[in-house]
Amino acid sequence: MSSDFEAYEQDFGTLTAEITNKIGRIPKLGGEEKTQLVLNVDKQLEEVRELMEQMDLEVRELPIQSRGMYQSRLKSYKGEMDKLEKDFKRSRIAYSDEVRNELLGEDGGSSESQRAHLLDNTEKLERSSRRLDAGYQIAVETEQVGQEILANLHTDREKIQRSRDRLRETDANLGKSSRILTGMLRRIIQNRVLVFVLGAIILITIILAIYFNVRGH
């Protein structure tokens with residue numbers, strides 16, 4: 001299972017390195033070439049998102065005792081992914097400004113107004129994105145806590161089941177011991193009755209012997 005995660009890590013490193021290089025090139029290009037590069041980076045970012053989903057699934061299937069290390073690594077990769085997306089958004093903003101300048105000319109007031117409006121909308125989108133990311137993180141953490149609680153409940157259930165089995169075994173042993181003691185007590189009583197009967201017979205025999213001896217004289 002961990003080998004699959006490490007393979008995903010290698011793919012993640014390769015993709016993010018390519019994306020970082022392309023994001024750095026976007027501001028230096030123009031026209032159709034820039035458009036194609038932006039589209040290409042957007043596609044690669046989607047591949048990275050899918051890759052991280054696979055990594056997240058792999059981590060969830062790991063045993064609890066070895067899950068923490070991989071969760072920390074995945075969290076680091078998510079932070080790196082967030083940074084890449086922010087850098088890409090800045091590149092796309094620069095790209096959009098350049099196209100708008102070509103369409104509207106060098107009208108300073110209008111261009112500045114459009115740019116301010118665009119930046120304001122971008123900031124709103126980024127705030128919404130951060131809220132969504134925070135909500136997703138809370139949901140993931142809640143799910144992890146739920147899984148840990150379920151695991152603990154499962155462990156407690158197994159302990160209770162083992163305790164019940166030991167109690168049943170103890171009860172069975174006590175029942176067996178009780179039957180053995182009852183049998184021993186019965187034999188003791190039988191032996192005492194037998195001794196009493198034998199004593200009575202011997203006593204009667206002695207009395208009869210004395211009686212006949214005295215009568216003979």
# chains A, B, ... in the order shown; residues from 1 in each chain; ligands from 1
>>> residues_around(residues="segment 5-15 of chain A", least_positions_apart="3", cutoff="12 Å", atoms="only C-alpha atoms", output="ChimeraX atom specification")
/A:1-2,18-22,40-62,67,69-71,73-74,76-78,80-81,84
>>> residues_around(residues="Val38 of chain A", least_positions_apart="3", cutoff="12 Å", atoms="only C-alpha atoms", output="PyMOL selection string")
chain A and resi 19+22-27+29-35+41-45+87-96
